[in-house]
Number of protein chains: 2
Amino acid sequence: MILPKIEVCFSPDFLFQHELKGKIVVVADIFRATSCMVTAFAHGIESIIPVAKVEDCKVLQSEGLLAAAERDGLKVEGFDLDNSPFSYMDSHLKGKTIAVTTTNGTQAIHQSIHSDTIVIGSFLNISAVARYISNVNKSCIILCAGWKGQYNLEDTLFAGALIEKVLEDFTIEQDAAYSALALYQFSKHEIFNFVQKSAHVKRLAKLNIHKDIEFCLTFDQYQVLPIYTNGKLININSPS
Amino acid sequence: MILPKIEVCFSPDFLFQHELKGKIVVVADIFRATSCMVTAFAHGIESIIPVAKVEDCKVLQSEGLLAAAERDGLKVEGFDLDNSPFSYMDSHLKGKTIAVTTTNGTQAIHQSIHSDTIVIGSFLNISAVARYISNVNKSCIILCAGWKGQYNLEDTLFAGALIEKVLEDFTIEQDAAYSALALYQFSKHEIFNFVQKSAHVKRLAKLNIHKDIEFCLTFDQYQVLPIYTNGKLININSPS
C-alpha cells in the first residue's frame, strides 16, 4: 500500500511551493487563533466565520454577529471578544456564530481554500486531528500560520507533534516535515521551557499572556474537529 | 553595547522577507556548491565566477575559462568539472578562474547582491566564517540555498552550527535562527546519522555521493574565506 505524504509549510507566504489540490490542510496558529477556535467549539459555539480584514469583521458585527478581531496580538477596539482561549469558555456563547479576524490564523485559512479539506489544529485537539487525517487517506499539509509571514517555533512544534502521532499512516519526503518532527522529539519533555525562549514568545510575553501560552501548549483538552465548509468553520465531532 | 542581529533565511525564495542593506549574507549550499567553492580556494584556485544559467556558463567556457555546471545534482554534459569537492583537489587548477552554475547555490549568491558583503560558508571553513562575521560587527543573514526553493536540513544545521560559534557576538530575535541553533545542538553528536535520514540526502544518495556527503559535513578542513566582489568570488584568507 502506498501511503499518502505529509508535508509542513512554515508560513502561508511559502504555500505557493505546495500543490493544494486533493489534499487536507491542517491550519495551526497555536498562539492563539486556532487554539481559540478549538476552545470555542468545545464550549458549544455553533460556527465561526474567519474573515481576512478587520473592516469585514466589523460589517458582520453590524449585522448582529458576535465578532473578534486581533492585530499584533491585541484585541481591536470595538469588538466583542479578544484572542485568549479563556474568553471562549463562556456558556453565553453556546449556539452562537462568531466572526473572527486575526493577524496570521485567518489569513492561513483563506490561502488554503483550493485544498480538499481545511482542518483547524492545535495542541488542544491534536489527537482528534491525528485520527481524522489518518483515516481519510489523503496527502496532508500542515500549514503553520507563522508570525506575519515568518516561520515561528510553536506552530512548527505542533506540526512535529502531529506528525509523530500519524507516522505509521504517512510518508515523509520533505526536510521541513523531518525537521519539525525532530525538533519536537528533541524538545518534547521540556516543550514549555523551550518555547518560552523563542523570539515570538518573548514578543508575546509583553502582552502578559503567560496563562494563555501555557494553556495553548496543553495536549488533548478537547475532541472537537473544526473544518471549513461554505465560508465558515463548523465542528464535525461532538463537543466534549 | 548593542549587538548586531543574526538571522536565518531557509531559502532564497524567502529572502524577500529580509532587509539586505548593510548586512553580511553568509550563503550556504552544503551539498555541495559552497563546499566545492571552499575546497577549490583551499587548493589555490584564483577566482570563481558564479553564473545563474547553464548557457552563460557555456559562454564563459567558450572564452577559455574552466567551467562547472550542475543541475539536479548531476554534471551537465560538456563541462570541465562536476559538483564534487574531490574534483577541486587538483594542483592543475591552481591560479585558474572557474565559471560555476549550480541548481541552488549560485542562485542564492545572485539574490544576495544588495547586501553589504556576501561570504561563502560551509562546514569546511565554518570557523573562518565565524571569526569574520564576529569581527565585522554588522547584522548577518545566513542564507540557506535549500533545494529548488525549499527548506533543507543540512543548510539549516550549518546555520545552527555557525550561530553556536558566534552566540556571544550577536542577538537572536527570530525563531528561524533559534530553531536552527536548537536543531543543531540537539543533533550535533550524531549529525551524520541525522542528516542521512533527511529527504534531501535520500534524494542525493541515489547519485552515489556518500563520500562527498561525509566530507561536506567535516568541520574546519580549511581556513579560506571566499567573498563576492566585482562579479566574482575571491579568497581573502590565505589558503591552508
# chains A, B, ... in the order shown; residues from 1 in each chain; ligands from 1

$ residues_around --residues "His18 (chain A)" --least-positions-apart "4" --cutoff "9 Å" --atoms "only C-alpha atoms" --output "short mmCIF file (atom, residue, chain, number, x, y, z; two decimals) with all heavy atoms, in the first residue's frame"
data_model
loop_
_atom_site.label_atom_id
_atom_site.label_comp_id
_atom_site.auth_asym_id
_atom_site.auth_seq_id
_atom_site.Cartn_x
_atom_site.Cartn_y
_atom_site.Cartn_z
N GLU A 7 3.38 16.80 4.69
CA GLU A 7 4.34 17.90 4.50
C GLU A 7 4.06 19.01 5.51
O GLU A 7 2.96 19.11 6.04
CB GLU A 7 4.18 18.51 3.10
CG GLU A 7 4.52 17.55 1.99
CD GLU A 7 4.37 18.16 0.61
OE1 GLU A 7 3.74 19.23 0.47
OE2 GLU A 7 4.90 17.57 -0.34
N CYS A 9 4.34 23.25 5.86
CA CYS A 9 4.60 24.55 5.26
C CYS A 9 4.78 25.56 6.40
O CYS A 9 3.88 25.73 7.21
CB CYS A 9 3.43 24.94 4.35
SG CYS A 9 3.66 26.54 3.58
N PHE A 14 4.78 30.79 2.07
CA PHE A 14 5.52 29.76 1.34
C PHE A 14 4.57 28.72 0.73
O PHE A 14 5.01 27.73 0.16
CB PHE A 14 6.53 29.03 2.25
CG PHE A 14 7.38 29.93 3.11
CD1 PHE A 14 7.90 29.49 4.32
CD2 PHE A 14 7.67 31.23 2.70
CE1 PHE A 14 8.69 30.32 5.11
CE2 PHE A 14 8.45 32.07 3.49
CZ PHE A 14 8.96 31.61 4.70
N ILE A 141 -1.01 18.60 4.26
CA ILE A 141 -0.07 19.70 4.51
C ILE A 141 -0.41 20.32 5.86
O ILE A 141 -1.55 20.71 6.08
CB ILE A 141 -0.19 20.79 3.42
CG1 ILE A 141 0.14 20.23 2.04
CG2 ILE A 141 0.72 21.98 3.75
CD1 ILE A 141 -0.27 21.14 0.90
#

$ interface_residues --of "chain A" --to "chain B" --cutoff "9 Å" --atoms "only C-alpha atoms" --output "list in words"
Asp13, Phe14, Gln17, Gly149, Gln150, Tyr151, Asn152, Leu153, Ile172, Glu173, Gln174, Asp175, Ala176, Tyr178, Ser179, Ala182, Leu183, Phe186, Ser187, Lys197, Ser198, Ala199, His200 and Lys202 of chain A

$ write_last_selection --atoms "C-alpha atoms" --output "PDB file, in the first residue's frame"
ATOM      1  CA  ASP A  13       3.878  33.031   2.385  1.00  0.00           C
ATOM      2  CA  PHE A  14       5.519  29.760   1.341  1.00  0.00           C
ATOM      3  CA  GLN A  17       5.501  25.856  -3.129  1.00  0.00           C
ATOM      4  CA  GLY A 149       4.619  35.596   7.121  1.00  0.00           C
ATOM      5  CA  GLN A 150       7.659  34.380   9.023  1.00  0.00           C
ATOM      6  CA  TYR A 151       8.480  30.976  10.470  1.00  0.00           C
ATOM      7  CA  ASN A 152       7.621  30.524  14.131  1.00  0.00           C
ATOM      8  CA  LEU A 153       8.572  27.880  16.656  1.00  0.00           C
ATOM      9  CA  ILE A 172       7.780  11.974   4.878  1.00  0.00           C
ATOM     10  CA  GLU A 173       9.600  13.070   1.746  1.00  0.00           C
ATOM     11  CA  GLN A 174      10.329  16.629   2.745  1.00  0.00           C
ATOM     12  CA  ASP A 175      13.026  18.059   5.023  1.00  0.00           C
ATOM     13  CA  ALA A 176      10.644  20.600   6.589  1.00  0.00           C
ATOM     14  CA  TYR A 178      11.505  15.757   9.020  1.00  0.00           C
ATOM     15  CA  SER A 179      12.947  18.781  10.844  1.00  0.00           C
ATOM     16  CA  ALA A 182      12.988  16.127  15.034  1.00  0.00           C
ATOM     17  CA  LEU A 183      12.617  19.495  16.732  1.00  0.00           C
ATOM     18  CA  PHE A 186      14.178  16.625  20.824  1.00  0.00           C
ATOM     19  CA  SER A 187      12.223  19.122  22.922  1.00  0.00           C
ATOM     20  CA  LYS A 197      12.864  31.176  24.950  1.00  0.00           C
ATOM     21  CA  SER A 198      11.638  31.682  21.396  1.00  0.00           C
ATOM     22  CA  ALA A 199      11.618  35.104  19.805  1.00  0.00           C
ATOM     23  CA  HIS A 200       7.890  35.025  19.154  1.00  0.00           C
ATOM     24  CA  LYS A 202       9.318  36.881  24.023  1.00  0.00           C
TER      25      LYS A 202
END

$ residues_around --residues "Asp220 (chain A)" --least-positions-apart "2" --cutoff "9 Å" --atoms "only C-alpha atoms" --output "PyMOL selection string"
chain A and resi 122-128+218+222-223

$ write_last_selection --atoms "all heavy atoms" --output "PDB file, in the first residue's frame"
ATOM      1  N   SER A 122      -4.680  22.342  16.768  1.00  0.00           N
ATOM      2  CA  SER A 122      -3.998  22.965  17.916  1.00  0.00           C
ATOM      3  C   SER A 122      -3.581  21.819  18.827  1.00  0.00           C
ATOM      4  O   SER A 122      -4.022  20.679  18.647  1.00  0.00           O
ATOM      5  CB  SER A 122      -4.953  23.915  18.653  1.00  0.00           C
ATOM      6  OG  SER A 122      -5.963  23.169  19.313  1.00  0.00           O
ATOM      7  N   PHE A 123      -2.714  22.103  19.788  1.00  0.00           N
ATOM      8  CA  PHE A 123      -2.381  21.060  20.762  1.00  0.00           C
ATOM      9  C   PHE A 123      -3.645  20.598  21.489  1.00  0.00           C
ATOM     10  O   PHE A 123      -3.779  19.431  21.847  1.00  0.00           O
ATOM     11  CB  PHE A 123      -1.344  21.569  21.771  1.00  0.00           C
ATOM     12  CG  PHE A 123       0.047  21.668  21.209  1.00  0.00           C
ATOM     13  CD1 PHE A 123       0.573  22.900  20.852  1.00  0.00           C
ATOM     14  CD2 PHE A 123       0.821  20.535  21.028  1.00  0.00           C
ATOM     15  CE1 PHE A 123       1.859  23.003  20.326  1.00  0.00           C
ATOM     16  CE2 PHE A 123       2.109  20.623  20.505  1.00  0.00           C
ATOM     17  CZ  PHE A 123       2.627  21.863  20.155  1.00  0.00           C
ATOM     18  N   LEU A 124      -4.585  21.496  21.673  1.00  0.00           N
ATOM     19  CA  LEU A 124      -5.798  21.213  22.446  1.00  0.00           C
ATOM     20  C   LEU A 124      -6.648  20.094  21.843  1.00  0.00           C
ATOM     21  O   LEU A 124      -7.383  19.418  22.553  1.00  0.00           O
ATOM     22  CB  LEU A 124      -6.635  22.490  22.587  1.00  0.00           C
ATOM     23  CG  LEU A 124      -5.946  23.697  23.235  1.00  0.00           C
ATOM     24  CD1 LEU A 124      -6.805  24.945  23.101  1.00  0.00           C
ATOM     25  CD2 LEU A 124      -5.639  23.418  24.702  1.00  0.00           C
ATOM     26  N   ASN A 125      -6.588  19.943  20.511  1.00  0.00           N
ATOM     27  CA  ASN A 125      -7.380  18.885  19.852  1.00  0.00           C
ATOM     28  C   ASN A 125      -6.513  18.010  18.948  1.00  0.00           C
ATOM     29  O   ASN A 125      -6.983  17.438  17.974  1.00  0.00           O
ATOM     30  CB  ASN A 125      -8.531  19.509  19.035  1.00  0.00           C
ATOM     31  CG  ASN A 125      -8.049  20.248  17.794  1.00  0.00           C
ATOM     32  OD1 ASN A 125      -6.917  20.738  17.769  1.00  0.00           O
ATOM     33  ND2 ASN A 125      -8.904  20.339  16.783  1.00  0.00           N
ATOM     34  N   ILE A 126      -5.226  17.891  19.292  1.00  0.00           N
ATOM     35  CA  ILE A 126      -4.278  17.240  18.378  1.00  0.00           C
ATOM     36  C   ILE A 126      -4.629  15.781  18.074  1.00  0.00           C
ATOM     37  O   ILE A 126      -4.504  15.331  16.926  1.00  0.00           O
ATOM     38  CB  ILE A 126      -2.810  17.396  18.895  1.00  0.00           C
ATOM     39  CG1 ILE A 126      -1.802  16.961  17.827  1.00  0.00           C
ATOM     40  CG2 ILE A 126      -2.586  16.687  20.216  1.00  0.00           C
ATOM     41  CD1 ILE A 126      -0.354  17.360  18.141  1.00  0.00           C
ATOM     42  N   SER A 127      -5.116  15.039  19.057  1.00  0.00           N
ATOM     43  CA  SER A 127      -5.427  13.627  18.792  1.00  0.00           C
ATOM     44  C   SER A 127      -6.652  13.485  17.890  1.00  0.00           C
ATOM     45  O   SER A 127      -6.711  12.573  17.048  1.00  0.00           O
ATOM     46  CB  SER A 127      -5.629  12.856  20.094  1.00  0.00           C
ATOM     47  OG  SER A 127      -4.396  12.736  20.765  1.00  0.00           O
ATOM     48  N   ALA A 128      -7.607  14.381  18.040  1.00  0.00           N
ATOM     49  CA  ALA A 128      -8.778  14.361  17.150  1.00  0.00           C
ATOM     50  C   ALA A 128      -8.351  14.638  15.711  1.00  0.00           C
ATOM     51  O   ALA A 128      -8.807  13.971  14.770  1.00  0.00           O
ATOM     52  CB  ALA A 128      -9.813  15.398  17.610  1.00  0.00           C
ATOM     53  N   THR A 218      -1.164  22.728  25.930  1.00  0.00           N
ATOM     54  CA  THR A 218      -1.719  21.542  26.593  1.00  0.00           C
ATOM     55  C   THR A 218      -2.325  20.596  25.559  1.00  0.00           C
ATOM     56  O   THR A 218      -3.139  20.996  24.747  1.00  0.00           O
ATOM     57  CB  THR A 218      -2.828  21.951  27.581  1.00  0.00           C
ATOM     58  OG1 THR A 218      -2.370  23.049  28.349  1.00  0.00           O
ATOM     59  CG2 THR A 218      -3.199  20.794  28.500  1.00  0.00           C
ATOM     60  N   TYR A 222      -9.561  18.821  24.313  1.00  0.00           N
ATOM     61  CA  TYR A 222     -10.864  18.712  23.647  1.00  0.00           C
ATOM     62  C   TYR A 222     -10.797  17.709  22.488  1.00  0.00           C
ATOM     63  O   TYR A 222      -9.732  17.443  21.956  1.00  0.00           O
ATOM     64  CB  TYR A 222     -11.283  20.085  23.097  1.00  0.00           C
ATOM     65  CG  TYR A 222     -11.236  21.205  24.118  1.00  0.00           C
ATOM     66  CD1 TYR A 222     -10.435  22.325  23.902  1.00  0.00           C
ATOM     67  CD2 TYR A 222     -11.976  21.136  25.297  1.00  0.00           C
ATOM     68  CE1 TYR A 222     -10.389  23.367  24.833  1.00  0.00           C
ATOM     69  CE2 TYR A 222     -11.932  22.166  26.234  1.00  0.00           C
ATOM     70  CZ  TYR A 222     -11.135  23.277  25.991  1.00  0.00           C
ATOM     71  OH  TYR A 222     -11.085  24.291  26.910  1.00  0.00           O
ATOM     72  N   GLN A 223     -11.971  17.223  22.112  1.00  0.00           N
ATOM     73  CA  GLN A 223     -12.065  16.272  20.990  1.00  0.00           C
ATOM     74  C   GLN A 223     -12.693  16.899  19.749  1.00  0.00           C
ATOM     75  O   GLN A 223     -12.999  16.194  18.792  1.00  0.00           O
ATOM     76  CB  GLN A 223     -12.886  15.043  21.427  1.00  0.00           C
ATOM     77  CG  GLN A 223     -12.210  14.218  22.504  1.00  0.00           C
ATOM     78  CD  GLN A 223     -10.847  13.698  22.069  1.00  0.00           C
ATOM     79  OE1 GLN A 223     -10.653  13.304  20.931  1.00  0.00           O
ATOM     80  NE2 GLN A 223      -9.894  13.728  22.990  1.00  0.00           N
TER      81      GLN A 223
END

$ residues_around --residues "Ser62 (chain A)" --least-positions-apart "5" --cutoff "12 Å" --atoms "only C-alpha atoms" --output "list in words"
Glu55, Asp56, Cys57, Ala67, Gly78, Phe79, Asp80 and Ala99 of chain A

$ write_last_selection --atoms "N, CA and C atoms" --output "CSV table (one decimal), in the first residue's frame"
chain,number,residue,atom,x,y,z
A,55,GLU,N,-12.2,45.3,8.7
A,55,GLU,CA,-13.4,46.0,8.2
A,55,GLU,C,-14.6,45.0,8.0
A,56,ASP,N,-14.2,43.9,7.3
A,56,ASP,CA,-15.2,42.8,7.0
A,56,ASP,C,-15.8,42.3,8.3
A,57,CYS,N,-14.9,42.2,9.3
A,57,CYS,CA,-15.4,41.6,10.6
A,57,CYS,C,-16.4,42.6,11.2
A,67,ALA,N,-18.3,39.3,17.3
A,67,ALA,CA,-17.1,39.5,16.4
A,67,ALA,C,-15.9,39.6,17.3
A,78,GLY,N,-13.6,48.0,20.0
A,78,GLY,CA,-14.9,47.9,19.5
A,78,GLY,C,-15.4,46.5,19.2
A,79,PHE,N,-14.6,45.5,19.4
A,79,PHE,CA,-15.1,44.2,19.1
A,79,PHE,C,-15.5,43.5,20.4
A,80,ASP,N,-16.2,42.3,20.2
A,80,ASP,CA,-16.8,41.7,21.4
A,80,ASP,C,-15.8,40.8,22.2
A,99,ALA,N,-17.8,36.0,14.1
A,99,ALA,CA,-16.9,36.4,13.0
A,99,ALA,C,-15.5,36.7,13.6

$ select_by_dssp --residues "region 20-225 of chain A" --states "strand (DSSP E)" --output "number ranges by chain"
A: 24-28, 47-50, 66-71, 74-75, 97-101, 117-121, 140-144

$ atom_distance --atom1 "CA of Ala69 (chain B)" --atom2 "CA of Gln111 (chain B)"
18.5 Å

$ residues_around --residues "Val25 (chain A)" --least-positions-apart "4" --cutoff "7 Å" --atoms "only C-alpha atoms" --output "VMD selection string"
chain A and resid 112 115 117 to 119 140 to 143

$ residues_around --residues "Glu168 (chain B)" --least-positions-apart "2" --cutoff "12 Å" --atoms "only C-alpha atoms" --output "ChimeraX atom specification"
/B:1-6,130-131,133-135,137,162-166,170-172

$ write_last_selection --atoms "C-alpha atoms" --output "short mmCIF file (atom, residue, chain, number, x, y, z; two decimals), in the first residue's frame"
data_model
loop_
_atom_site.label_atom_id
_atom_site.label_comp_id
_atom_site.auth_asym_id
_atom_site.auth_seq_id
_atom_site.Cartn_x
_atom_site.Cartn_y
_atom_site.Cartn_z
CA MET B 1 26.86 47.73 23.61
CA ILE B 2 24.05 46.76 21.26
CA LEU B 3 24.92 43.55 19.48
CA PRO B 4 24.10 43.07 15.81
CA LYS B 5 21.39 40.56 14.89
CA ILE B 6 21.84 37.16 13.34
CA ALA B 130 32.58 32.71 12.33
CA ARG B 131 35.69 34.79 13.06
CA ILE B 133 31.31 37.81 10.96
CA SER B 134 32.10 38.24 14.66
CA ASN B 135 34.76 40.83 13.89
CA ASN B 137 30.07 43.92 13.81
CA LEU B 162 27.58 28.85 12.81
CA ILE B 163 25.21 30.59 15.25
CA GLU B 164 26.55 28.46 18.10
CA LYS B 165 30.06 29.69 17.30
CA VAL B 166 29.12 33.40 17.33
CA PHE B 170 25.04 38.54 18.08
CA THR B 171 21.45 38.65 19.31
CA ILE B 172 18.78 36.24 18.08
#

$ residues_around --residues "Gly231 (chain A)" --least-positions-apart "4" --cutoff "12 Å" --atoms "only C-alpha atoms" --output "list in words"
Ser47, Ile48, Ile49, Pro50, Val51, Ala52, Ala99, Thr106, Ile109, His110, Ile113, Ile118 and Ile227 of chain A

$ write_last_selection --atoms "N, CA and C atoms" --output "PDB file, in the first residue's frame"
ATOM      1  N   SER A  47     -20.759  28.107  14.978  1.00  0.00           N
ATOM      2  CA  SER A  47     -19.885  28.262  13.811  1.00  0.00           C
ATOM      3  C   SER A  47     -19.029  29.517  13.948  1.00  0.00           C
ATOM      4  N   ILE A  48     -17.931  29.512  13.187  1.00  0.00           N
ATOM      5  CA  ILE A  48     -17.003  30.651  13.181  1.00  0.00           C
ATOM      6  C   ILE A  48     -16.788  31.063  11.735  1.00  0.00           C
ATOM      7  N   ILE A  49     -16.940  32.340  11.467  1.00  0.00           N
ATOM      8  CA  ILE A  49     -16.677  32.848  10.124  1.00  0.00           C
ATOM      9  C   ILE A  49     -15.335  33.561  10.137  1.00  0.00           C
ATOM     10  N   PRO A  50     -14.302  32.928   9.535  1.00  0.00           N
ATOM     11  CA  PRO A  50     -12.999  33.594   9.508  1.00  0.00           C
ATOM     12  C   PRO A  50     -12.968  34.631   8.393  1.00  0.00           C
ATOM     13  N   VAL A  51     -12.625  35.849   8.709  1.00  0.00           N
ATOM     14  CA  VAL A  51     -12.530  36.882   7.669  1.00  0.00           C
ATOM     15  C   VAL A  51     -11.134  37.496   7.680  1.00  0.00           C
ATOM     16  N   ALA A  52     -10.700  37.955   6.506  1.00  0.00           N
ATOM     17  CA  ALA A  52      -9.318  38.432   6.371  1.00  0.00           C
ATOM     18  C   ALA A  52      -9.133  39.826   6.972  1.00  0.00           C
ATOM     19  N   ALA A  99     -17.800  35.987  14.092  1.00  0.00           N
ATOM     20  CA  ALA A  99     -16.899  36.399  13.008  1.00  0.00           C
ATOM     21  C   ALA A  99     -15.539  36.695  13.614  1.00  0.00           C
ATOM     22  N   THR A 106      -6.364  33.553  10.417  1.00  0.00           N
ATOM     23  CA  THR A 106      -7.470  33.596   9.455  1.00  0.00           C
ATOM     24  C   THR A 106      -6.945  33.757   8.025  1.00  0.00           C
ATOM     25  N   ILE A 109      -6.134  30.297   6.726  1.00  0.00           N
ATOM     26  CA  ILE A 109      -7.331  29.559   6.293  1.00  0.00           C
ATOM     27  C   ILE A 109      -7.717  29.987   4.875  1.00  0.00           C
ATOM     28  N   HIS A 110      -7.749  31.274   4.643  1.00  0.00           N
ATOM     29  CA  HIS A 110      -8.179  31.756   3.323  1.00  0.00           C
ATOM     30  C   HIS A 110      -7.227  31.339   2.205  1.00  0.00           C
ATOM     31  N   ILE A 113      -7.891  27.631   0.569  1.00  0.00           N
ATOM     32  CA  ILE A 113      -9.232  27.245   0.075  1.00  0.00           C
ATOM     33  C   ILE A 113      -9.216  26.340  -1.161  1.00  0.00           C
ATOM     34  N   ILE A 118     -10.046  21.791   4.820  1.00  0.00           N
ATOM     35  CA  ILE A 118      -9.253  22.575   5.785  1.00  0.00           C
ATOM     36  C   ILE A 118      -9.692  22.179   7.192  1.00  0.00           C
ATOM     37  N   ILE A 227     -13.842  22.033  10.858  1.00  0.00           N
ATOM     38  CA  ILE A 227     -13.455  22.067   9.439  1.00  0.00           C
ATOM     39  C   ILE A 227     -14.150  23.253   8.760  1.00  0.00           C
TER      40      ILE A 227
END

$ atom_distance --atom1 "CA of Gln107 (chain B)" --atom2 "CA of Ala145 (chain B)"
7.9 Å

$ closest_residue --among "A:Ala40, A:His92, A:Ala205, A:Val100" --to "Ala68 (chain A)" --atoms "only C-alpha atoms"
A:Val100

$ decode --residues "region 101-117 of chain A" --atoms "N, CA, C and O atoms" --output "PDB file, in the first residue's frame"
ATOM      1  N   THR A 101     -11.282  37.703  12.889  1.00  0.00           N
ATOM      2  CA  THR A 101     -10.102  38.008  12.071  1.00  0.00           C
ATOM      3  C   THR A 101      -8.885  38.117  12.983  1.00  0.00           C
ATOM      4  O   THR A 101      -8.963  38.678  14.079  1.00  0.00           O
ATOM      5  N   THR A 102      -7.771  37.509  12.546  1.00  0.00           N
ATOM      6  CA  THR A 102      -6.538  37.552  13.342  1.00  0.00           C
ATOM      7  C   THR A 102      -5.360  37.888  12.429  1.00  0.00           C
ATOM      8  O   THR A 102      -5.472  37.819  11.202  1.00  0.00           O
ATOM      9  N   THR A 103      -4.226  38.223  13.041  1.00  0.00           N
ATOM     10  CA  THR A 103      -3.049  38.631  12.252  1.00  0.00           C
ATOM     11  C   THR A 103      -2.595  37.533  11.300  1.00  0.00           C
ATOM     12  O   THR A 103      -2.236  37.807  10.152  1.00  0.00           O
ATOM     13  N   ASN A 104      -2.595  36.291  11.789  1.00  0.00           N
ATOM     14  CA  ASN A 104      -2.000  35.216  10.994  1.00  0.00           C
ATOM     15  C   ASN A 104      -2.963  34.075  10.657  1.00  0.00           C
ATOM     16  O   ASN A 104      -3.026  33.618   9.517  1.00  0.00           O
ATOM     17  N   GLY A 105      -3.728  33.642  11.650  1.00  0.00           N
ATOM     18  CA  GLY A 105      -4.520  32.417  11.512  1.00  0.00           C
ATOM     19  C   GLY A 105      -5.594  32.475  10.446  1.00  0.00           C
ATOM     20  O   GLY A 105      -5.736  31.552   9.630  1.00  0.00           O
ATOM     21  N   THR A 106      -6.364  33.553  10.417  1.00  0.00           N
ATOM     22  CA  THR A 106      -7.470  33.596   9.455  1.00  0.00           C
ATOM     23  C   THR A 106      -6.945  33.757   8.025  1.00  0.00           C
ATOM     24  O   THR A 106      -7.550  33.255   7.078  1.00  0.00           O
ATOM     25  N   GLN A 107      -5.796  34.415   7.883  1.00  0.00           N
ATOM     26  CA  GLN A 107      -5.173  34.526   6.553  1.00  0.00           C
ATOM     27  C   GLN A 107      -4.768  33.130   6.055  1.00  0.00           C
ATOM     28  O   GLN A 107      -4.923  32.808   4.869  1.00  0.00           O
ATOM     29  N   ALA A 108      -4.246  32.326   6.954  1.00  0.00           N
ATOM     30  CA  ALA A 108      -3.807  30.979   6.577  1.00  0.00           C
ATOM     31  C   ALA A 108      -4.981  30.145   6.082  1.00  0.00           C
ATOM     32  O   ALA A 108      -4.865  29.385   5.111  1.00  0.00           O
ATOM     33  N   ILE A 109      -6.134  30.297   6.726  1.00  0.00           N
ATOM     34  CA  ILE A 109      -7.331  29.559   6.293  1.00  0.00           C
ATOM     35  C   ILE A 109      -7.717  29.987   4.875  1.00  0.00           C
ATOM     36  O   ILE A 109      -7.944  29.150   3.996  1.00  0.00           O
ATOM     37  N   HIS A 110      -7.749  31.274   4.643  1.00  0.00           N
ATOM     38  CA  HIS A 110      -8.179  31.756   3.323  1.00  0.00           C
ATOM     39  C   HIS A 110      -7.227  31.339   2.205  1.00  0.00           C
ATOM     40  O   HIS A 110      -7.653  31.085   1.092  1.00  0.00           O
ATOM     41  N   GLN A 111      -5.953  31.254   2.534  1.00  0.00           N
ATOM     42  CA  GLN A 111      -4.995  30.872   1.496  1.00  0.00           C
ATOM     43  C   GLN A 111      -5.025  29.375   1.187  1.00  0.00           C
ATOM     44  O   GLN A 111      -4.372  28.916   0.254  1.00  0.00           O
ATOM     45  N   SER A 112      -5.785  28.618   1.973  1.00  0.00           N
ATOM     46  CA  SER A 112      -5.836  27.156   1.771  1.00  0.00           C
ATOM     47  C   SER A 112      -7.100  26.698   1.062  1.00  0.00           C
ATOM     48  O   SER A 112      -7.346  25.493   0.949  1.00  0.00           O
ATOM     49  N   ILE A 113      -7.891  27.631   0.569  1.00  0.00           N
ATOM     50  CA  ILE A 113      -9.232  27.245   0.075  1.00  0.00           C
ATOM     51  C   ILE A 113      -9.216  26.340  -1.161  1.00  0.00           C
ATOM     52  O   ILE A 113     -10.222  25.709  -1.452  1.00  0.00           O
ATOM     53  N   HIS A 114      -8.087  26.251  -1.860  1.00  0.00           N
ATOM     54  CA  HIS A 114      -8.068  25.353  -3.016  1.00  0.00           C
ATOM     55  C   HIS A 114      -7.690  23.914  -2.650  1.00  0.00           C
ATOM     56  O   HIS A 114      -7.538  23.068  -3.532  1.00  0.00           O
ATOM     57  N   SER A 115      -7.547  23.668  -1.363  1.00  0.00           N
ATOM     58  CA  SER A 115      -7.310  22.289  -0.926  1.00  0.00           C
ATOM     59  C   SER A 115      -8.641  21.555  -0.859  1.00  0.00           C
ATOM     60  O   SER A 115      -9.700  22.137  -1.061  1.00  0.00           O
ATOM     61  N   ASP A 116      -8.549  20.273  -0.536  1.00  0.00           N
ATOM     62  CA  ASP A 116      -9.751  19.451  -0.462  1.00  0.00           C
ATOM     63  C   ASP A 116     -10.532  19.712   0.826  1.00  0.00           C
ATOM     64  O   ASP A 116     -11.749  19.853   0.815  1.00  0.00           O
ATOM     65  N   THR A 117      -9.804  19.785   1.926  1.00  0.00           N
ATOM     66  CA  THR A 117     -10.421  19.999   3.245  1.00  0.00           C
ATOM     67  C   THR A 117      -9.476  20.849   4.092  1.00  0.00           C
ATOM     68  O   THR A 117      -8.266  20.636   4.068  1.00  0.00           O
TER      69      THR A 117
END
